[in-house]
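Here is entry08.cif, consisting of mmCIF, C-alpha atoms and all ligand atoms:
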data_start
loop_
_atom_site.label_atom_id
_atom_site.label_comp_id
_atom_site.auth_asym_id
_atom_site.auth_seq_id
_atom_site.Cartn_x
_atom_site.Cartn_y
_atom_site.Cartn_z
CA MET A 1 77.29 94.09 178.62
CA THR A 2 78.92 96.39 181.08
CA GLY A 3 79.31 96.16 184.74
CA LEU A 4 80.57 98.58 187.29
CA VAL A 5 79.24 99.06 190.74
CA HIS A 6 77.80 102.47 191.37
CA PHE A 7 80.17 103.32 194.20
CA LEU A 8 83.08 102.97 191.85
CA PHE A 9 81.90 105.93 189.87
CA ASP A 10 82.46 109.57 190.61
CA VAL A 11 78.92 110.60 189.91
CA GLU A 12 78.74 113.62 187.70
CA PRO A 13 77.71 116.85 189.43
CA SER A 14 75.49 117.73 186.52
CA ARG A 15 74.33 115.83 183.51
CA SER A 16 76.26 118.11 181.21
CA ALA A 17 79.66 117.72 182.79
CA PHE A 18 82.06 115.00 181.85
CA ALA A 19 84.54 115.92 184.54
CA SER A 20 82.95 113.33 186.66
CA VAL A 21 83.04 109.66 186.38
CA TRP A 22 80.27 107.54 185.23
CA ALA A 23 82.44 110.16 186.62
CA LEU A 24 78.32 108.92 184.32
CA GLU A 25 44.38 94.03 178.45
CA PHE A 26 46.53 93.71 176.57
CA LEU A 27 46.64 93.35 172.89
CA SER A 28 43.59 92.29 171.10
CA VAL A 29 43.70 88.73 169.86
CA ALA A 30 43.49 90.13 166.35
CA LEU A 31 46.69 92.12 166.75
CA VAL A 32 48.57 89.19 168.22
CA LYS A 33 47.52 87.06 165.27
CA THR A 34 48.62 89.76 162.85
CA VAL A 35 52.04 89.89 164.44
CA GLN A 36 52.37 86.11 164.35
CA ILE A 37 51.59 86.00 160.66
CA ARG A 38 54.26 88.60 159.89
CA TYR A 39 56.73 86.65 162.00
CA ASN A 40 56.07 83.37 160.22
CA ASN A 41 56.35 84.92 156.81
CA ARG A 42 59.76 86.42 157.31
CA THR A 43 62.43 85.41 154.90
CA MET A 44 64.22 82.15 155.59
CA LYS A 45 67.57 83.43 154.32
CA CYS A 46 69.04 85.70 156.94
CA ASN A 47 70.83 88.88 155.95
CA LEU A 48 69.61 90.81 158.95
CA CYS A 49 72.99 92.19 159.95
CA PRO A 50 76.16 93.21 158.08
CA ARG A 51 77.49 89.63 158.25
CA ASN A 52 75.11 88.80 155.40
CA CYS A 53 75.30 85.08 156.11
CA ASN A 54 72.39 84.31 153.77
CA ALA A 55 71.77 81.38 156.09
CA ASP A 56 68.52 79.58 156.58
CA ARG A 57 68.71 79.81 160.34
CA THR A 58 66.15 77.05 160.83
CA GLU A 59 68.53 74.67 159.08
CA LYS A 60 71.99 75.99 159.81
CA SER A 61 72.97 78.85 162.03
CA GLY A 62 74.89 81.86 160.79
CA VAL A 63 77.71 83.66 162.55
CA CYS A 64 75.36 84.54 165.42
CA GLN A 65 74.72 80.84 166.11
CA THR A 66 71.06 81.25 166.94
CA ASP A 67 67.86 80.79 165.01
CA GLY A 68 65.66 82.87 167.29
CA ILE A 69 65.39 84.63 170.61
CA VAL A 70 67.28 82.87 173.40
CA LEU A 71 67.24 84.57 176.79
CA SER A 72 70.33 84.11 178.91
CA ARG A 73 69.58 86.52 181.72
CA VAL A 74 66.60 88.55 182.91
CA ALA A 75 67.54 90.57 185.97
CA ARG A 76 67.97 93.96 187.52
CA HIS A 77 71.39 95.44 186.78
CA ASP A 78 72.93 98.13 188.97
CA TRP A 79 76.20 98.71 187.18
CA GLU A 80 75.27 100.61 184.07
CA GLU A 81 75.82 104.35 183.75
CA PRO A 82 74.12 106.36 186.54
CA CYS A 83 71.46 107.69 184.17
CA ILE A 84 70.58 104.09 183.21
CA SER A 85 70.87 102.17 186.48
CA GLY A 86 70.50 104.94 189.07
CA SER A 87 69.09 103.69 192.36
CA ARG A 88 66.19 101.74 190.83
CA GLY A 89 68.36 99.55 188.66
CA SER A 90 68.03 98.73 184.99
CA GLY A 91 65.88 95.80 183.87
CA THR A 92 68.31 93.91 181.67
CA VAL A 93 67.29 91.24 179.21
CA PHE A 94 70.37 89.49 177.77
CA PHE A 95 70.11 87.71 174.43
CA ALA A 96 72.32 84.68 173.84
CA GLY A 97 74.42 84.61 170.68
CA CYS A 98 76.12 87.50 168.95
CA ASN A 99 76.80 88.60 165.39
CA LEU A 100 80.13 90.25 166.19
CA HIS A 101 82.17 87.89 168.40
CA CYS A 102 84.85 90.21 169.72
CA ARG A 103 87.82 88.11 170.78
CA PHE A 104 87.92 90.00 174.09
CA CYS A 105 84.21 89.61 174.83
CA GLN A 106 83.55 89.62 178.54
CA ASN A 107 80.17 87.96 178.11
CA TYR A 108 81.62 85.09 176.11
CA ALA A 109 79.70 82.60 178.24
CA ILE A 110 76.59 83.55 176.28
CA SER A 111 78.04 85.02 173.09
CA ALA A 112 80.45 82.27 172.05
CA SER A 113 78.19 79.29 172.64
CA PRO A 114 74.66 80.56 173.04
CA SER A 115 72.99 79.12 176.07
CA GLY A 116 69.69 80.11 177.55
CA VAL A 117 65.95 79.64 177.16
CA PRO A 118 64.38 80.00 173.69
CA VAL A 119 61.22 82.13 173.62
CA SER A 120 58.85 83.49 171.02
CA ALA A 121 58.39 87.20 170.32
CA GLU A 122 55.06 87.03 172.17
CA ARG A 123 56.71 85.45 175.21
CA LEU A 124 59.40 88.12 175.15
CA ALA A 125 56.60 90.70 175.24
CA ASP A 126 55.35 88.97 178.41
CA VAL A 127 58.84 89.21 179.85
CA LEU A 128 59.12 92.92 179.11
CA LEU A 129 55.95 93.67 181.06
CA TYR A 130 57.14 91.46 183.89
CA VAL A 131 60.42 93.35 184.03
CA GLN A 132 58.56 96.64 184.16
CA ASP A 133 56.49 95.37 187.08
CA THR A 134 59.66 94.79 189.15
CA GLY A 135 60.04 98.57 189.54
CA VAL A 136 63.21 99.11 187.53
CA ALA A 137 63.93 102.40 185.78
CA ASN A 138 63.96 101.01 182.25
CA ILE A 139 64.01 97.89 180.10
CA ASN A 140 67.51 97.26 178.82
CA LEU A 141 67.78 94.96 175.78
CA VAL A 142 71.37 93.72 175.64
CA THR A 143 72.91 92.54 172.35
CA ALA A 144 69.86 91.84 170.24
CA ALA A 145 71.23 92.77 166.81
CA HIS A 146 70.98 89.18 165.55
CA VAL A 147 67.32 88.95 166.58
CA SER A 148 66.33 92.59 166.18
CA ASP A 149 63.46 91.70 163.82
CA LYS A 150 61.90 89.46 166.45
CA VAL A 151 62.58 91.97 169.20
CA ALA A 152 60.76 94.57 167.10
CA LEU A 153 57.73 92.25 167.02
CA ALA A 154 57.87 91.86 170.80
CA LEU A 155 58.10 95.61 171.24
CA GLU A 156 55.18 96.20 168.90
CA ILE A 157 53.13 94.03 171.23
CA ALA A 158 54.47 95.30 174.55
CA LYS A 159 55.20 98.97 173.87
CA PRO A 160 51.61 100.26 174.31
CA HIS A 161 51.73 98.82 177.83
CA LEU A 162 55.14 100.13 178.84
CA SER A 163 55.51 103.31 180.87
CA ILE A 164 59.29 103.07 181.33
CA PRO A 165 61.87 103.68 178.59
CA VAL A 166 63.16 100.91 176.35
CA VAL A 167 66.97 100.94 176.12
CA TYR A 168 68.63 99.18 173.19
CA ASN A 169 72.17 98.16 174.07
CA THR A 170 74.15 97.14 171.00
CA SER A 171 77.57 96.51 169.47
CA SER A 172 76.34 98.74 166.59
CA TYR A 173 77.18 96.08 164.02
CA GLU A 174 73.72 96.53 162.58
CA LYS A 175 72.08 97.47 159.32
CA VAL A 176 70.24 100.77 159.08
CA GLU A 177 67.14 99.06 157.67
CA ALA A 178 67.07 96.68 160.66
CA LEU A 179 67.23 99.63 163.03
CA GLN A 180 64.43 101.34 161.14
CA ARG A 181 62.12 98.56 162.28
CA LEU A 182 62.79 99.75 165.84
CA ASP A 183 61.82 103.35 165.08
CA GLY A 184 59.22 104.44 167.61
CA LEU A 185 59.83 101.35 169.74
CA VAL A 186 63.20 102.22 171.30
CA ASP A 187 63.57 105.28 173.51
CA VAL A 188 67.27 105.20 174.34
CA TYR A 189 70.04 103.79 172.19
CA LEU A 190 73.20 102.62 173.92
CA PRO A 191 75.50 101.80 171.01
CA ASP A 192 79.15 100.82 171.22
CA LEU A 193 81.65 102.38 168.86
CA LYS A 194 84.45 99.89 169.33
CA PHE A 195 87.06 100.48 166.63
CA CYS A 196 87.88 102.91 163.88
CA ASP A 197 90.65 101.13 162.02
CA GLY A 198 89.49 98.35 159.71
CA ASP A 199 92.56 96.21 160.34
CA ILE A 200 92.02 96.38 164.08
CA ALA A 201 88.34 95.50 163.64
CA ALA A 202 89.34 92.58 161.45
CA ARG A 203 91.76 91.30 164.08
CA MET A 204 89.38 91.82 166.96
CA CYS A 205 86.16 90.49 165.49
CA GLY A 206 86.67 89.58 161.84
CA ALA A 207 84.62 92.56 160.71
CA PRO A 208 86.80 95.00 158.72
CA ASP A 209 83.63 96.92 157.81
CA TYR A 210 82.74 97.49 161.47
CA PHE A 211 83.39 101.24 161.55
CA GLU A 212 81.34 102.01 158.45
CA ALA A 213 78.45 99.83 159.63
CA ALA A 214 78.57 101.14 163.19
CA THR A 215 78.76 104.83 162.30
CA ASN A 216 75.88 104.47 159.84
CA ALA A 217 73.94 102.69 162.58
CA ILE A 218 74.66 105.42 165.13
CA ALA A 219 73.60 108.09 162.64
CA GLU A 220 70.27 106.25 162.24
CA MET A 221 69.87 106.03 166.02
CA ARG A 222 70.45 109.77 166.30
CA ARG A 223 67.93 110.39 163.53
CA GLN A 224 65.35 108.45 165.53
CA GLN A 225 66.29 110.07 168.84
CA PRO A 226 67.66 113.53 168.04
CA GLN A 227 67.54 114.86 171.60
CA ASP A 228 68.82 113.54 174.92
CA VAL A 229 66.14 113.95 177.57
CA PHE A 230 66.55 113.28 181.30
CA ASP A 231 63.83 113.16 183.95
CA ASP A 232 63.92 114.91 187.31
CA ASP A 233 65.66 111.92 188.90
CA GLY A 234 68.49 112.01 186.36
CA TYR A 235 67.38 109.01 184.30
CA ILE A 236 67.69 109.30 180.56
CA THR A 237 64.28 108.86 178.95
CA ARG A 238 65.17 109.48 175.30
CA GLY A 239 68.39 109.83 173.38
CA VAL A 240 71.68 108.20 172.48
CA ILE A 241 74.77 107.45 174.60
CA VAL A 242 77.78 106.11 172.71
CA ARG A 243 79.97 103.68 174.61
CA HIS A 244 83.63 103.13 173.91
CA LEU A 245 85.85 100.62 175.69
CA VAL A 246 89.50 101.68 175.70
CA LEU A 247 91.67 98.61 175.04
CA PRO A 248 95.27 98.12 176.21
CA SER A 249 97.73 99.43 173.58
CA PHE A 250 94.93 100.68 171.30
CA ALA A 251 94.59 104.23 172.67
CA GLU A 252 95.34 105.79 169.28
CA ASP A 253 92.38 104.02 167.74
CA SER A 254 90.26 105.22 170.68
CA LYS A 255 91.22 108.76 169.72
CA ARG A 256 90.10 108.21 166.13
CA VAL A 257 86.77 106.98 167.52
CA LEU A 258 86.45 110.18 169.56
CA ASP A 259 87.39 112.22 166.47
CA TRP A 260 84.41 110.74 164.63
CA ILE A 261 82.00 111.31 167.51
CA ALA A 262 83.11 114.92 167.92
CA ALA A 263 82.76 115.59 164.20
CA PHE A 264 79.33 113.95 164.17
CA ASP A 265 77.90 115.59 167.29
CA LYS A 266 79.96 117.48 169.88
CA ASP A 267 77.06 117.27 172.33
CA MET A 268 76.89 113.49 172.14
CA TYR A 269 77.00 111.71 175.50
CA VAL A 270 79.95 109.34 175.54
CA SER A 271 80.54 106.60 178.05
CA LEU A 272 84.31 106.12 178.07
CA MET A 273 85.00 102.75 179.64
CA SER A 274 88.17 101.42 181.26
CA GLN A 275 86.76 98.14 182.54
CA TYR A 276 88.60 95.79 180.19
CA PHE A 277 90.35 92.86 181.81
CA PRO A 278 91.69 89.70 180.17
CA THR A 279 89.42 86.71 180.52
CA ARG A 280 91.79 84.26 178.81
CA GLN A 281 95.19 84.12 177.10
CA ASP A 282 95.03 85.80 173.72
CA LYS A 283 97.52 85.64 170.88
CA ILE A 284 97.19 89.43 170.63
CA VAL A 285 99.59 89.99 173.50
CA ALA A 286 98.29 93.47 174.32
CA LEU A 287 94.95 91.97 175.34
CA ASN A 288 96.56 89.90 178.09
CA ARG A 289 96.77 92.81 180.50
CA ARG A 290 94.53 95.44 181.99
CA LEU A 291 94.56 99.01 180.79
CA PHE A 292 97.24 101.24 182.32
CA ARG A 293 95.88 104.26 184.13
CA HIS A 294 97.98 106.63 182.02
CA GLU A 295 96.55 105.10 178.79
CA TYR A 296 93.04 105.77 179.97
CA GLU A 297 93.80 109.26 181.25
CA ASN A 298 95.41 110.07 177.91
CA VAL A 299 92.24 109.12 176.03
CA LYS A 300 90.10 110.92 178.57
CA GLN A 301 92.07 114.13 178.05
CA TYR A 302 91.66 113.71 174.31
CA PHE A 303 87.91 113.58 174.82
CA PHE A 304 88.07 117.18 176.04
CA ASN A 305 90.64 118.19 173.44
CA VAL A 306 88.24 117.40 170.60
CA GLY A 307 85.45 119.40 172.21
CA LEU A 308 83.30 116.64 173.64
CA HIS A 309 81.79 117.60 176.96
CA ASN A 310 79.00 115.21 177.89
CA GLY A 311 79.53 111.76 179.23
CA TYR A 312 80.78 109.35 181.80
CA SER A 313 84.06 107.76 182.70
CA GLN A 314 85.15 104.91 184.93
CA ASP A 315 87.83 104.31 187.50
CA VAL A 316 90.43 101.90 186.11
CA SER A 317 90.26 99.99 189.39
CA SER A 318 86.84 98.78 188.31
CA ALA A 319 88.35 96.41 185.73
CA THR A 320 87.53 93.19 187.49
CA GLN A 321 85.32 90.22 186.83
CA ASP A 322 83.47 90.94 190.07
CA TYR A 323 81.04 93.03 188.06
CA LEU A 324 80.31 90.55 185.31
CA PRO A 325 76.71 89.37 185.17
CA ASP A 326 76.06 85.81 186.22
CA PHE A 327 74.60 83.74 183.40
CA ASP A 328 72.68 80.88 184.92
CA ILE A 329 70.12 79.08 182.76
CA GLU A 330 68.30 77.72 185.79
CA LEU A 331 67.84 81.26 187.03
CA VAL A 332 66.36 82.28 183.66
CA ARG A 333 64.00 79.28 183.77
CA LYS A 334 62.96 80.15 187.30
CA THR A 335 62.32 83.76 186.31
CA LEU A 336 60.30 82.74 183.26
CA SER A 337 58.19 80.44 185.42
CA GLN A 338 57.09 83.56 187.29
CA VAL A 339 56.22 85.58 184.17
CA PRO A 340 52.45 85.73 183.58
CA ARG A 341 51.27 84.75 180.11
CA ARG A 342 49.62 87.80 178.65
CA PHE A 343 50.44 87.62 174.97
CA SER A 344 51.92 84.17 174.56
CA ASN A 345 48.90 82.15 175.61
CA LEU A 346 48.02 81.61 171.97
CA SER A 347 51.31 79.88 171.28
CA ARG A 348 52.77 78.47 174.49
CA GLN A 349 56.55 78.54 174.54
S1 LIG A 401 71.73 87.84 162.11
FE1 LIG A 401 73.06 86.02 162.30
S2 LIG A 401 72.55 84.69 160.54
FE2 LIG A 401 71.69 86.73 160.13
S3 LIG A 401 73.24 87.76 158.91
FE3 LIG A 401 73.64 88.33 161.04
S4 LIG A 401 75.10 86.81 161.86
FE4 LIG A 401 74.26 86.01 159.94
#
Could you render the structure from this file as structure tokens?
Amino acid sequence: MTGLVHFLFDVEPSRSAFASVWALEFLSVALVKTVQIRYNNRTMKCNLCPRNCNADRTEKSGVCQTDGIVLSRVARHDWEEPCISGSRGSGTVFFAGCNLHCRFCQNYAISASPSGVPVSAERLADVLLYVQDTGVANINLVTAAHVSDKVALALEIAKPHLSIPVVYNTSSYEKVEALQRLDGLVDVYLPDLKFCDGDIAARMCGAPDYFEAATNAIAEMRRQQPQDVFDDDGYITRGVIVRHLVLPSFAEDSKRVLDWIAAFDKDMYVSLMSQYFPTRQDKIVALNRRLFRHEYENVKQYFFNVGLHNGYSQDVSSATQDYLPDFDIELVRKTLSQVPRRFSNLSRQ
């Protein structure tokens, strides 16, 4: 989801100081079969996320526009927060489709009209091991809320073979019960908290219940990962980092978001992002410009005012499409052709 090149960050002098800028053998055949049976028996009517489409996704897609896992990018990513990307890079796996559809989405190439390569949960498990073998610091699952049940199956298969952390990167428009399926499978949660005001959330993504859903989701993530743990190289290995993108003209709502975080957990790591840039003309006029530096600095100061002290910030000059991931289906196909079949050989996909 995000993208800023490391040199654009003022790297924090210590993990506890915000003053910086980002400146921040496999499974037995029996187990595979068990997982497949559970997968096939899942309900046909989808109410996995707060959209509650009640759609039979095999017949007609819901808001997320997908009926299963579709991979749109599998690649090392160097532009996440320093404790995620570091020098080894983060092993991102991008999922096509989205259940939120923010009108300002910067990954709209894959969220608006899902394009990519469909895979089974078992094949995704293959991919996760392949990603680990590339030497990255972690596996970074990007925007999987609409397929979180299938991702949980993949993690159940792959997790015993993973020695690097699993990062779950989400809009937070998720149900608590869906997240509970990930308990013990995800090491680091990277949730957005995008809006506080229901009217703003309705205008931005047609989800007036966003704040309630997202804050309940973040509380569940914190329950699962109550402590933030970093290794000797500065990588986060367990915990929660809340991301918030400051939008042009919506600084007051950003402050309400920070109010909630501070009241919930003053020690929470917050990634305060300034990277918004317009990707197309929007009828919400404010979205047709970049963030002013003074808007961002104002919100950043408020972060300290409410007692928050852990996190990362960005330089406003980083708001450019130069750091957007490239979504190329042929590249995904080529990558998948190199992924050994370890779990998916029973059901080739
Ligand atoms: S996961 Fe997709 S189909 Fe299911 S409720 Fe959410 S948006 Fe609707």
So, counting only C-alpha atoms, which residue among A:Met221, A:Val339, A:Ala286, A:Leu258 is closest to A:His309? A:Leu258
Check which residues of chain A sit at most 12 Å from ligand LIG 401 (chain A) using all atoms listed in the file, and return one row each with the closest pair of atoms and their distance in Å to one decimal, ordered by chain and rising number, as CSV.
residue,atom,partner,partner_atom,distance
A:Thr43,CA,A:LIG401,FE2,10.7
A:Met44,CA,A:LIG401,FE2,9.9
A:Lys45,CA,A:LIG401,FE2,7.8
A:Cys46,CA,A:LIG401,FE2,4.3
A:Asn47,CA,A:LIG401,S3,4.0
A:Leu48,CA,A:LIG401,FE2,4.7
A:Cys49,CA,A:LIG401,FE3,4.1
A:Pro50,CA,A:LIG401,S3,6.2
A:Arg51,CA,A:LIG401,S3,4.7
A:Asn52,CA,A:LIG401,S3,4.1
A:Cys53,CA,A:LIG401,FE4,4.1
A:Asn54,CA,A:LIG401,S3,6.2
A:Ala55,CA,A:LIG401,S2,5.6
A:Asp56,CA,A:LIG401,S2,7.6
A:Arg57,CA,A:LIG401,S2,6.2
A:Thr58,CA,A:LIG401,S2,10.0
A:Glu59,CA,A:LIG401,S2,10.9
A:Lys60,CA,A:LIG401,S2,8.7
A:Ser61,CA,A:LIG401,S2,6.0
A:Gly62,CA,A:LIG401,S2,3.7
A:Val63,CA,A:LIG401,S4,4.1
A:Cys64,CA,A:LIG401,FE1,4.1
A:Gln65,CA,A:LIG401,FE1,6.6
A:Thr66,CA,A:LIG401,FE1,6.9
A:Asp67,CA,A:LIG401,S2,7.6
A:Gly68,CA,A:LIG401,S1,9.4
A:Ile69,CA,A:LIG401,S1,11.1
A:Ala96,CA,A:LIG401,FE1,11.6
A:Gly97,CA,A:LIG401,FE1,8.6
A:Cys98,CA,A:LIG401,S4,7.2
A:Asn99,CA,A:LIG401,S4,4.3
A:Leu100,CA,A:LIG401,S4,7.5
A:His101,CA,A:LIG401,S4,9.7
A:Ser111,CA,A:LIG401,S4,11.7
A:Thr143,CA,A:LIG401,S1,11.3
A:Ala144,CA,A:LIG401,S1,9.3
A:Ala145,CA,A:LIG401,S1,6.8
A:His146,CA,A:LIG401,S1,3.8
A:Val147,CA,A:LIG401,S1,6.4
A:Ser148,CA,A:LIG401,S1,8.3
A:Asp149,CA,A:LIG401,S1,9.3
A:Lys150,CA,A:LIG401,S1,10.9
A:Tyr173,CA,A:LIG401,FE3,9.0
A:Glu174,CA,A:LIG401,FE3,8.3
A:Lys175,CA,A:LIG401,FE3,9.4
A:Ala178,CA,A:LIG401,S1,10.1
A:Gly206,CA,A:LIG401,S4,11.9
A:Ala207,CA,A:LIG401,S4,11.2
Axis-aligned box for stretch 55-62 of chain A, 3 Å per side, centre and edges in Å as lines of an AutoDock Vina configuration file:
center_x = 70.5
center_y = 78.3
center_z = 159.1
size_x = 14.7
size_y = 13.2
size_z = 11.9
Hey, can you check how far atom CA of A:Ser274 sits from atom CA of A:Gly135?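 Interatomic distance, atom CA of A:Ser274 to atom CA of A:Gly135: 29.5 Å.
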Which residue of A:Arg123, A:Ser271, A:Pro208, A:Val117 approaches A:Asp192 most closely, using only C-alpha atoms: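 Distance minimum relative to A:Asp192 lands on A:Ser271.
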Quick one: residues within 8 Å of stretch 327-330 of chain A, all atoms listed in the file, excluding same-chain residues fewer than 4 positions away - as a compact mmCIF listing (two decimals) with C-alpha atoms, keeping the file's coordinate frame?
# COMPACT_ATOMS: atom_id res chain seq x y z
CA SER A 72 70.33 84.11 178.91
CA ARG A 73 69.58 86.52 181.72
CA ALA A 109 79.70 82.60 178.24
CA ILE A 110 76.59 83.55 176.28
CA SER A 115 72.99 79.12 176.07
CA GLY A 116 69.69 80.11 177.55
CA VAL A 117 65.95 79.64 177.16
CA LYS A 334 62.96 80.15 187.30
Pairwise distance for atom CA of A:Val151 and atom CA of A:Ser163, rounded to one decimal in Å: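 Spanning atom CA of A:Val151 to atom CA of A:Ser163 is a straight-line distance of 17.7 Å.
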Closest to A:Gly91 among A:Ser249, A:Gln106, A:Thr335, A:Asn140, using all atoms listed in the file?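 Closest candidate: A:Asn140.
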Any idea what the distance is between atom CA of A:Val166 and atom CA of A:Cys105?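 About the pair atom CA of A:Val166 and atom CA of A:Cys105: they are 23.9 Å apart.
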For stretch 242-246 of chain A, find every residue with an atom within 9 Å (counting all atoms listed in the file), except residues of its own chain fewer than 6 positions away, and show them as a list in words.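 Answer for this query is Tyr189, Leu190, Pro191, Asp192, Leu193, Lys194, Phe195, Ile218, Asp253, Ser254, Val257, Leu258, Ile261, Met268, Tyr269, Val270, Ser271, Leu272, Met273, Ser274, Gln275, Tyr276, Leu291, Glu295, Tyr296, Val299 and Gly311 of chain A.
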Write out as a ChimeraX atom specification each polymer residue whose atoms come within 8 Å of stretch 130-132 of chain A, counting only C-alpha atoms; drop sequence neighbours fewer than 4 positions from it. /A:74-75,91,126,136,138-139,162,164,339-340
Dump of C-alpha atoms for the selected residues, as an mmCIF file, keeping the file's coordinate frame:
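Final output, saved to part-v4.cif:
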data_model
loop_
_atom_site.group_PDB
_atom_site.id
_atom_site.type_symbol
_atom_site.label_atom_id
_atom_site.label_comp_id
_atom_site.auth_asym_id
_atom_site.auth_seq_id
_atom_site.Cartn_x
_atom_site.Cartn_y
_atom_site.Cartn_z
ATOM 1 C CA VAL A 74 66.600 88.550 182.910
ATOM 2 C CA ALA A 75 67.540 90.570 185.970
ATOM 3 C CA GLY A 91 65.880 95.800 183.870
ATOM 4 C CA ASP A 126 55.350 88.970 178.410
ATOM 5 C CA VAL A 136 63.210 99.110 187.530
ATOM 6 C CA ASN A 138 63.960 101.010 182.250
ATOM 7 C CA ILE A 139 64.010 97.890 180.100
ATOM 8 C CA LEU A 162 55.140 100.130 178.840
ATOM 9 C CA ILE A 164 59.290 103.070 181.330
ATOM 10 C CA VAL A 339 56.220 85.580 184.170
ATOM 11 C CA PRO A 340 52.450 85.730 183.580
#
Looking at A:Leu336, A:Leu71, A:Leu287, A:Ala202, which one is nearest to A:Phe95, with distances taken over only C-alpha atoms?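 Nearest candidate to A:Phe95 out of A:Leu336, A:Leu71, A:Leu287, A:Ala202: A:Leu71.
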